[in-house]
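Everything below belongs to coords.txt, which stores compact mmCIF, C-alpha atoms and all ligand atoms.
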# COMPACT_ATOMS: atom_id res chain seq x y z
CA MET A 1 22.49 -42.28 -4.41
CA ASP A 2 21.79 -42.40 -0.70
CA GLN A 3 18.26 -41.16 -1.24
CA ASN A 4 17.73 -43.72 -4.00
CA ARG A 5 18.77 -46.59 -1.77
CA THR A 6 16.74 -45.30 1.15
CA ALA A 7 13.67 -44.93 -1.05
CA ALA A 8 14.15 -48.40 -2.53
CA LEU A 9 14.46 -49.91 0.95
CA GLU A 10 11.34 -48.10 2.12
CA LYS A 11 9.43 -49.37 -0.90
CA MET A 12 10.60 -52.91 -0.18
CA ALA A 13 9.59 -52.57 3.48
CA GLU A 14 6.12 -51.53 2.37
CA GLU A 15 5.88 -54.69 0.23
CA VAL A 16 6.74 -56.85 3.24
CA ARG A 17 4.26 -54.94 5.42
CA ASN A 18 1.54 -55.87 2.93
CA LEU A 19 2.57 -59.50 2.57
CA ARG A 20 -0.76 -61.00 3.59
CA GLU A 21 0.29 -64.47 2.43
CA SER A 22 2.85 -64.60 5.22
CA PRO A 23 1.87 -67.19 7.84
CA LEU A 24 2.89 -64.56 10.41
CA TYR A 25 0.71 -61.74 9.01
CA GLU A 26 -2.41 -62.56 11.06
CA TYR A 27 -0.36 -62.94 14.21
CA ARG A 28 1.23 -59.53 13.60
CA GLN A 29 -2.14 -57.88 13.11
CA ALA A 30 -3.78 -59.65 16.06
CA HIS A 31 -1.06 -58.46 18.45
CA ASN A 32 -0.65 -55.03 16.99
CA TYR A 33 2.97 -55.85 16.19
CA ALA A 34 5.10 -54.14 13.57
CA MET A 35 6.98 -55.80 10.74
CA VAL A 36 10.74 -55.45 11.33
CA PHE A 37 12.49 -54.78 8.05
CA GLY A 38 15.97 -53.65 9.10
CA GLU A 39 17.80 -50.43 9.81
CA GLY A 40 21.14 -48.70 9.47
CA SER A 41 23.23 -47.24 6.70
CA PRO A 42 22.12 -48.06 3.12
CA HIS A 43 25.85 -47.92 2.29
CA ALA A 44 27.07 -50.10 5.14
CA ALA A 45 30.20 -52.18 4.57
CA ILE A 46 29.04 -54.56 7.30
CA MET A 47 25.60 -56.18 7.31
CA PHE A 48 24.35 -58.19 10.29
CA ILE A 49 21.70 -60.82 9.71
CA GLY A 50 19.80 -62.30 12.65
CA GLU A 51 16.99 -64.82 12.82
CA ALA A 52 13.64 -63.14 13.47
CA PRO A 53 12.27 -60.31 15.61
CA GLY A 54 11.48 -60.98 19.26
CA GLN A 55 8.74 -59.24 21.20
CA THR A 56 10.56 -55.96 21.85
CA GLU A 57 11.48 -55.76 18.17
CA ALA A 58 7.90 -56.51 17.06
CA LYS A 59 6.59 -53.84 19.43
CA THR A 60 8.99 -51.19 18.14
CA GLY A 61 9.49 -52.25 14.50
CA ARG A 62 13.29 -52.20 15.01
CA PRO A 63 15.77 -55.11 14.88
CA PHE A 64 17.85 -56.10 17.91
CA VAL A 65 16.54 -53.60 20.46
CA GLY A 66 15.92 -56.02 23.35
CA ALA A 67 18.51 -57.65 25.61
CA ALA A 68 20.34 -59.29 22.68
CA GLY A 69 20.38 -55.91 20.95
CA ARG A 70 22.02 -54.24 23.93
CA LEU A 71 24.82 -56.80 23.72
CA LEU A 72 25.08 -56.19 19.97
CA ASN A 73 25.41 -52.43 20.60
CA ASP A 74 28.16 -53.12 23.10
CA LEU A 75 29.97 -55.42 20.65
CA LEU A 76 29.73 -52.75 17.95
CA SER A 77 31.27 -50.15 20.23
CA SER A 78 34.09 -52.61 21.03
CA ILE A 79 35.17 -52.24 17.39
CA GLY A 80 34.56 -48.50 17.30
CA LEU A 81 31.21 -48.59 15.50
CA ASN A 82 27.61 -47.73 16.25
CA ARG A 83 24.36 -48.97 14.75
CA GLU A 84 24.17 -46.11 12.25
CA ALA A 85 27.43 -47.25 10.60
CA VAL A 86 26.19 -50.77 9.83
CA TYR A 87 23.00 -52.39 8.56
CA ILE A 88 21.07 -54.77 10.81
CA THR A 89 18.30 -57.08 9.65
CA ASN A 90 16.84 -60.58 10.04
CA ILE A 91 15.96 -63.47 7.75
CA VAL A 92 12.34 -63.45 8.87
CA LYS A 93 10.74 -60.01 9.15
CA ASP A 94 7.84 -60.84 11.49
CA ARG A 95 7.88 -62.26 15.01
CA PRO A 96 7.15 -66.00 15.17
CA PRO A 97 4.73 -66.85 18.03
CA GLU A 98 6.47 -67.44 21.39
CA ASN A 99 9.85 -66.88 19.75
CA ARG A 100 9.75 -70.34 18.19
CA ASP A 101 12.24 -71.16 15.44
CA PRO A 102 11.20 -69.88 12.01
CA THR A 103 9.77 -72.59 9.74
CA PRO A 104 11.32 -73.39 6.33
CA ALA A 105 8.19 -71.93 4.69
CA GLU A 106 8.62 -68.64 6.57
CA ILE A 107 12.30 -68.44 5.69
CA GLN A 108 11.47 -69.08 2.04
CA LEU A 109 8.75 -66.47 1.97
CA TYR A 110 10.98 -63.66 3.23
CA GLN A 111 14.06 -64.84 1.33
CA PRO A 112 13.63 -62.65 -1.78
CA PHE A 113 13.43 -59.54 0.36
CA LEU A 114 16.63 -60.29 2.26
CA LEU A 115 18.40 -61.01 -1.03
CA ARG A 116 17.18 -57.71 -2.43
CA GLN A 117 18.42 -55.92 0.70
CA ILE A 118 21.86 -57.48 0.18
CA GLU A 119 21.93 -56.60 -3.54
CA LEU A 120 20.93 -53.03 -2.86
CA ILE A 121 23.26 -52.31 0.08
CA GLN A 122 26.12 -54.39 -1.33
CA PRO A 123 27.95 -54.99 1.96
CA GLN A 124 31.57 -56.14 1.85
CA VAL A 125 31.00 -58.49 4.74
CA ILE A 126 27.92 -60.27 6.03
CA ALA A 127 28.08 -61.22 9.71
CA THR A 128 25.49 -63.87 10.48
CA LEU A 129 24.06 -64.02 14.01
CA GLY A 130 23.15 -67.58 14.95
CA ARG A 131 22.79 -70.83 13.09
CA PHE A 132 19.70 -70.01 11.00
CA ALA A 133 21.26 -66.94 9.44
CA MET A 134 24.56 -68.79 8.92
CA ASP A 135 22.86 -71.70 7.14
CA PHE A 136 20.81 -69.29 5.03
CA VAL A 137 23.81 -67.31 3.81
CA LEU A 138 26.06 -70.34 3.27
CA ASN A 139 23.37 -72.07 1.22
CA GLN A 140 22.34 -68.96 -0.65
CA PHE A 141 25.85 -68.23 -1.87
CA ASN A 142 26.71 -71.90 -2.22
CA LEU A 143 29.75 -71.80 0.07
CA PRO A 144 31.83 -74.98 0.32
CA GLU A 145 31.41 -74.80 4.14
CA GLN A 146 27.63 -75.47 3.82
CA GLY A 147 26.40 -78.04 6.32
CA GLN A 148 29.23 -77.42 8.81
CA LYS A 149 28.30 -76.49 12.35
CA ILE A 150 28.44 -73.01 13.86
CA SER A 151 30.65 -74.43 16.62
CA VAL A 152 33.25 -75.03 13.88
CA LEU A 153 32.72 -71.99 11.66
CA HIS A 154 32.18 -69.18 14.19
CA GLY A 155 34.67 -66.31 13.85
CA LYS A 156 36.04 -67.57 10.52
CA LEU A 157 36.39 -65.25 7.57
CA LEU A 158 34.72 -67.10 4.67
CA GLN A 159 34.61 -65.99 1.05
CA ALA A 160 31.50 -65.78 -1.11
CA GLN A 161 30.68 -64.66 -4.64
CA THR A 162 27.72 -62.34 -5.13
CA SER A 163 26.24 -60.70 -8.21
CA TYR A 164 28.19 -57.54 -7.28
CA GLY A 165 31.51 -59.24 -6.60
CA PRO A 166 33.37 -61.18 -3.90
CA ILE A 167 32.41 -60.60 -0.26
CA SER A 168 33.34 -62.06 3.12
CA VAL A 169 31.01 -63.93 5.45
CA VAL A 170 31.67 -64.18 9.18
CA PRO A 171 29.46 -66.60 11.14
CA LEU A 172 28.94 -65.45 14.74
CA PHE A 173 27.07 -66.93 17.68
CA HIS A 174 23.69 -65.34 18.30
CA PRO A 175 23.95 -62.62 21.01
CA ALA A 176 20.85 -64.10 22.73
CA VAL A 177 22.75 -67.38 23.18
CA ALA A 178 25.79 -65.49 24.48
CA LEU A 179 23.55 -63.82 27.08
CA TYR A 180 22.96 -67.07 28.90
CA THR A 181 26.26 -68.86 28.21
CA ARG A 182 29.31 -67.07 29.61
CA ASP A 183 31.95 -68.79 27.48
CA LYS A 184 29.88 -68.11 24.34
CA GLU A 185 29.84 -64.42 25.23
CA ALA A 186 33.64 -64.43 25.53
CA THR A 187 33.89 -66.25 22.19
CA LEU A 188 31.48 -63.82 20.53
CA ARG A 189 33.44 -60.82 21.84
CA ASN A 190 36.63 -62.36 20.51
CA ASP A 191 35.11 -63.34 17.12
CA PHE A 192 33.71 -59.84 16.70
CA GLN A 193 37.24 -58.48 16.36
CA VAL A 194 37.43 -60.17 12.91
CA LEU A 195 35.08 -57.43 11.72
CA LYS A 196 37.50 -54.68 12.70
CA GLN A 197 39.29 -54.86 9.35
CA PHE A 198 36.06 -53.73 7.64
CA THR A 199 35.43 -50.74 9.88
CA GLU A 200 37.48 -48.31 7.83
CA GLN A 201 34.92 -48.36 5.06
CA SER A 202 31.99 -48.04 7.46
N1 LIG B 1 16.92 -61.91 17.74
C1 LIG B 1 17.03 -61.88 16.40
O1 LIG B 1 17.46 -62.84 15.75
N2 LIG B 1 16.69 -60.75 15.79
C2 LIG B 1 16.25 -59.67 16.43
O2 LIG B 1 15.96 -58.68 15.78
C3 LIG B 1 16.16 -59.74 17.83
C4 LIG B 1 16.49 -60.88 18.46

Could you render the structure as structure tokens?
Amino acid sequence: MDQNRTAALEKMAEEVRNLRESPLYEYRQAHNYAMVFGEGSPHAAIMFIGEAPGQTEAKTGRPFVGAAGRLLNDLLSSIGLNREAVYITNIVKDRPPENRDPTPAEIQLYQPFLLRQIELIQPQVIATLGRFAMDFVLNQFNLPEQGQKISVLHGKLLQAQTSYGPISVVPLFHPAVALYTRDKEATLRNDFQVLKQFTEQS
């Protein structure tokens, strides 16, 4: 089972690597960047979804390995987990130039791959990092909270229906935002504790 999921994820990653129609493909090639598909346990109970890779991620091909990633690692250890116990990915799999916000077209292009990652891994909870990932997941699963702000929804345990059954969704502030706003970091640390109830299965 594990090998099947791992192989399916690798196959999917290869598809994204060859996605020449992506508006970010040329930029990736020109800068010798890697596509960042996601990493962690293919059986993770907790899936983290961020926005898009930054420069360190694009250089290494791994999600959340820069400054924001170090904070994420620290937050994970605060609930007794490490990166291998969870799955970490982004909506957009290639770095947008100068870390600009992803465009709607880019989000749409990578959308099927993220949905396939969710369907394959079947997490019990999706923790969204930042407003883009929150909006994506709330819209995708048609949650009644759609359109509400992250300042209202952060740290709340929301319920969603997927093709494989009911799951929880926890919107969190983006760790990069928490890095330069002290009170957001405190809030993020506090909100993270909501995930503790899912750590038994991780
Ligand atoms: N920010 C993100 O949203 N994702 C990463 O992988 C790194 C930084």

Ligand LIG 1 (chain B): which residues are within 12 Å, counting only C-alpha atoms and all ligand atoms? Reply as a PyMOL selection string. chain A and resi 34-39+48-72+87-96+99-102+128-134+172-179

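You will find atom CA of Leu76 of chain A at 20.7 Å from atom CA of Ile150 of chain A.
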
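From atom CA of Leu195 of chain A back to atom CA of Arg182 of chain A, the distance works out to 21.1 Å.
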
As a VMD selection string, please: the residues near Ala8 of chain A (cut-off 10 Å, all atoms listed in the file, same-chain neighbours under 3 positions excluded). chain A and resid 2 to 5 11 to 14 42 116 to 117 120

Mind dumping the selected residues with C-alpha atoms as a tab-separated table (two decimals), in the coordinates of the input?
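Result file is part01.tsv:
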chain	number	residue	atom	x	y	z
A	2	ASP	CA	21.79	-42.40	-0.70
A	3	GLN	CA	18.26	-41.16	-1.24
A	4	ASN	CA	17.73	-43.72	-4.00
A	5	ARG	CA	18.77	-46.59	-1.77
A	11	LYS	CA	9.43	-49.37	-0.90
A	12	MET	CA	10.60	-52.91	-0.18
A	13	ALA	CA	9.59	-52.57	3.48
A	14	GLU	CA	6.12	-51.53	2.37
A	42	PRO	CA	22.12	-48.06	3.12
A	116	ARG	CA	17.18	-57.71	-2.43
A	117	GLN	CA	18.42	-55.92	0.70
A	120	LEU	CA	20.93	-53.03	-2.86

Please list as a PyMOL selection string every residue within 12 Å of Thr199 of chain A, counting all atoms listed in the file and excluding residues in the same chain fewer than 4 positions away. chain A and resi 44-47+76-82+85-86+123-125+192-195

List as an mmCIF file with C-alpha atoms, in the coordinates of the input the protein and nucleic acid residues near Leu143 of chain A, meaning an atom at most 12 Å away when all atoms listed in the file are counted, but skip any in the same chain fewer than 3 places from it.
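Here's the written file result_27.cif:
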data_model
loop_
_atom_site.group_PDB
_atom_site.id
_atom_site.type_symbol
_atom_site.label_atom_id
_atom_site.label_comp_id
_atom_site.auth_asym_id
_atom_site.auth_seq_id
_atom_site.Cartn_x
_atom_site.Cartn_y
_atom_site.Cartn_z
ATOM 1 C CA MET A 134 24.560 -68.790 8.920
ATOM 2 C CA ASP A 135 22.860 -71.700 7.140
ATOM 3 C CA PHE A 136 20.810 -69.290 5.030
ATOM 4 C CA VAL A 137 23.810 -67.310 3.810
ATOM 5 C CA LEU A 138 26.060 -70.340 3.270
ATOM 6 C CA ASN A 139 23.370 -72.070 1.220
ATOM 7 C CA GLN A 140 22.340 -68.960 -0.650
ATOM 8 C CA GLN A 146 27.630 -75.470 3.820
ATOM 9 C CA GLY A 147 26.400 -78.040 6.320
ATOM 10 C CA GLN A 148 29.230 -77.420 8.810
ATOM 11 C CA LEU A 153 32.720 -71.990 11.660
ATOM 12 C CA LEU A 157 36.390 -65.250 7.570
ATOM 13 C CA LEU A 158 34.720 -67.100 4.670
ATOM 14 C CA GLN A 159 34.610 -65.990 1.050
ATOM 15 C CA ALA A 160 31.500 -65.780 -1.110
ATOM 16 C CA GLN A 161 30.680 -64.660 -4.640
ATOM 17 C CA THR A 162 27.720 -62.340 -5.130
ATOM 18 C CA PRO A 166 33.370 -61.180 -3.900
ATOM 19 C CA ILE A 167 32.410 -60.600 -0.260
ATOM 20 C CA SER A 168 33.340 -62.060 3.120
ATOM 21 C CA VAL A 169 31.010 -63.930 5.450
#

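Interatomic distance, atom CA of Pro97 of chain A to atom CA of Arg28 of chain A: 9.2 Å.
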
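Restricting the calculation to all atoms listed in the file, the smallest distance between Glu84 of chain A and any of A:Ile107, A:Glu21, A:His43, A:Pro112 is found for A:His43.
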
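Of the residues under consideration (A:Leu109, A:Thr103, A:Pro171, A:Lys149), A:Pro171 shows the shortest atom-to-atom contact distance to Ala127 of chain A when counting all atoms listed in the file.
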
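Closest to Gly155 of chain A among A:Ala186, A:Leu115, A:Ile121, A:Leu19 is A:Ala186, based on all atoms listed in the file.
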